Each structure stands twice: as structure tokens, then as C-alpha cells.
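Read through the structure below, which is laid out as C-alpha cells, and then see the notes.
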Amino acid sequence: MEKTKLLPEQVEWIKTRLEELRTEIDNARSELLNSETRPFHASPEGFNYVPDFGTFSQLGRLKKEMEELDSILGDSEIVTEYNANQIDIGTRFVASLDFGNGEVVTDHYILVSKGFSKVDEDIYYITLDSPTGRAVYGKKVNEVICYTTPTNQIVGGIIEEIAPSRDYDAKKTESGFQKKV
């Protein structure tokens with residue numbers, strides 16, 4: 001089985017989210033065990049504890065997310081090499097896309113592994129398992145891309161630029177990529 005390729009910032013995001021989940025799980029467990037907040041109802045046998053099924057359900061969702069992230073982290077490989085010749089996981093690039101409405105959109109992107117569509121608000125992260133990700137994977141500068149969206153919209157475009165290294169930000173600028181300060 002092939003390992004999931006992750007960028008260092010994705011690994012940090014997963015670790016942060018796992019810590020948040022641990023805290024949320026601890027809080028939910030405390031809420032369930034706190035005798036002052038546990039609801040009781042009267043019955044012929046006496047007072048019985050009424051379980052809070054919403055909290056149990058929340059605990060289940062949190063544990064499932066935690067297991068999924070642990071699994072991704074355990075089966076991952078951190079991308080440290082950078083390919084400036086063609087688009088691969090972690091590559092920063094500029095593409096012009098025509099969504100068929102007469103407007104061509106040129107933006108900066110980073111190709112990431114599946115399941116991580118947004119890590120930074122300033123950069124468009126494209127996942128490898130998306131139609132756009134599959135279309136740009138392996139492409140070089142000036143190569144044409146074409147793909148169909150899940151809503152059957154045909155999108156065409158061209159790869160305008162690939163950042164020379166990971167030392168360049170893929171943030172929107174007029175002059176293309178800027179070296180990190």
C-alpha cells in the first residue's frame with residue numbers, strides 16, 4: 001500500500017487537531033461523569049441515571065476522527081523533495097483556468113494529498129483526489145489541462161508557472177512567486 005504524502009504543514013495541522021480532539025474527548029467524558037449534570041428520572045425502583053445520548057454520539061464522532069487522523073499520520077511520508085519541473089505533491093504552481101463562463105481565473109495553488117483541501121487561508125490547496133488535482137498531476141509549465149467537474153462542467157486551462165523551490169510562497173501576487181522572507 002502506498003503511503004500518503006504529506007507536507008510538513010499538513011503534519012503540524014494533524015498534530016494540532018489531534019490535541020484538540022483529545023481535549024474535546026476529555027471534556028465530553030467529564031461531562032458524562034459529572035454527577036451534578038447527569039439527569040435522573042423517578043421510577044418505581046427509585047432514581048435512575050438517564051444517559052446523555054448526544055454526548056455519547058459526540059464522543060463516538062470525536063474518537064472516529066481521531067482514529068482516522070492517527071491512521072493517516074501513521075501511514076504517511078513527509079514530502080521533503082521538491083520537483084520544480086513538473087507538478088507533484090507539494091508543488092506550488094500558477095494555473096489559468098477557464099470554467100466555460102467566459103472568465104479565465106489565474107491563481108496560485110499547491111497540490112496536496114487527498115483529504116487536505118485547506119491548510120492555509122491564503123493559498124488554494126488542491127487535493128490529488130479532486131478532478132483538478134488529477135488533471136494537473138505530472139504536468140509541466142505551458143501544458144494544457146482539461147477535466148470535468150462533478151457537476152459535469154468542462155474546465156480547461158494551462159499551467160503558467162511552477163515555483164523554483166519550497167522557499168517560494170504560492171500566495172497571490174502580481175509578479176508570481178515571491179521568495180519567503
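Just remember, in the C-alpha cells the first chain shown is A, the second B, etc., residues are 1-based per chain, and ligands are 1-based in the order shown.
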Neighbour list for Tyr147 (chain A) as a list in words, cut-off 10 Å, only C-alpha atoms, skip fewer than 5 positions in-chain: Pro131, Thr132, Gly133, Arg134, Ala135, Val136, Asn152, Gln153, Ile154, Val155, Gly156 and Gly157 of chain A
If you count only C-alpha atoms, which residues fall within 12 Å of Glu2 (chain A), apart from same-chain ones fewer than 5 positions away, as a PDB file with N, CA and C atoms, in the first residue's frame?
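See selection_27.pdb below for the written result:
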```pdb
ATOM      1  N   ILE A  72      -3.812   8.200   9.264  1.00  0.00           N
ATOM      2  CA  ILE A  72      -3.168   8.966   8.189  1.00  0.00           C
ATOM      3  C   ILE A  72      -1.740   9.309   8.579  1.00  0.00           C
ATOM      4  N   ASP A  75       0.515   6.225   8.477  1.00  0.00           N
ATOM      5  CA  ASP A  75       0.775   5.683   7.146  1.00  0.00           C
ATOM      6  C   ASP A  75       1.234   6.760   6.174  1.00  0.00           C
ATOM      7  N   SER A  76       1.948   7.771   6.691  1.00  0.00           N
ATOM      8  CA  SER A  76       2.320   8.880   5.819  1.00  0.00           C
ATOM      9  C   SER A  76       3.826   8.994   5.636  1.00  0.00           C
ATOM     10  N   GLU A  77       4.146   9.745   4.624  1.00  0.00           N
ATOM     11  CA  GLU A  77       5.540  10.067   4.307  1.00  0.00           C
ATOM     12  C   GLU A  77       5.589  11.577   4.135  1.00  0.00           C
ATOM     13  N   SER A 113      -1.947  15.858  -0.841  1.00  0.00           N
ATOM     14  CA  SER A 113      -2.553  14.537  -0.865  1.00  0.00           C
ATOM     15  C   SER A 113      -4.020  14.608  -0.482  1.00  0.00           C
TER      16      SER A 113
END
```
Give the alpha helix (DSSP H) residues of region 10-159 of chain A, as assigned by DSSP on the backbone, as number ranges by chain. A: 10-33, 53-74, 131-136
I'd like the neighbourhood of region 9-22 of chain A as a PyMOL selection string, where a residue qualifies if any of its atoms comes within 7 Å (using only C-alpha atoms), though same-chain residues fewer than 3 positions away should be ignored. chain A and resi 6+25-26+62+66+69+119
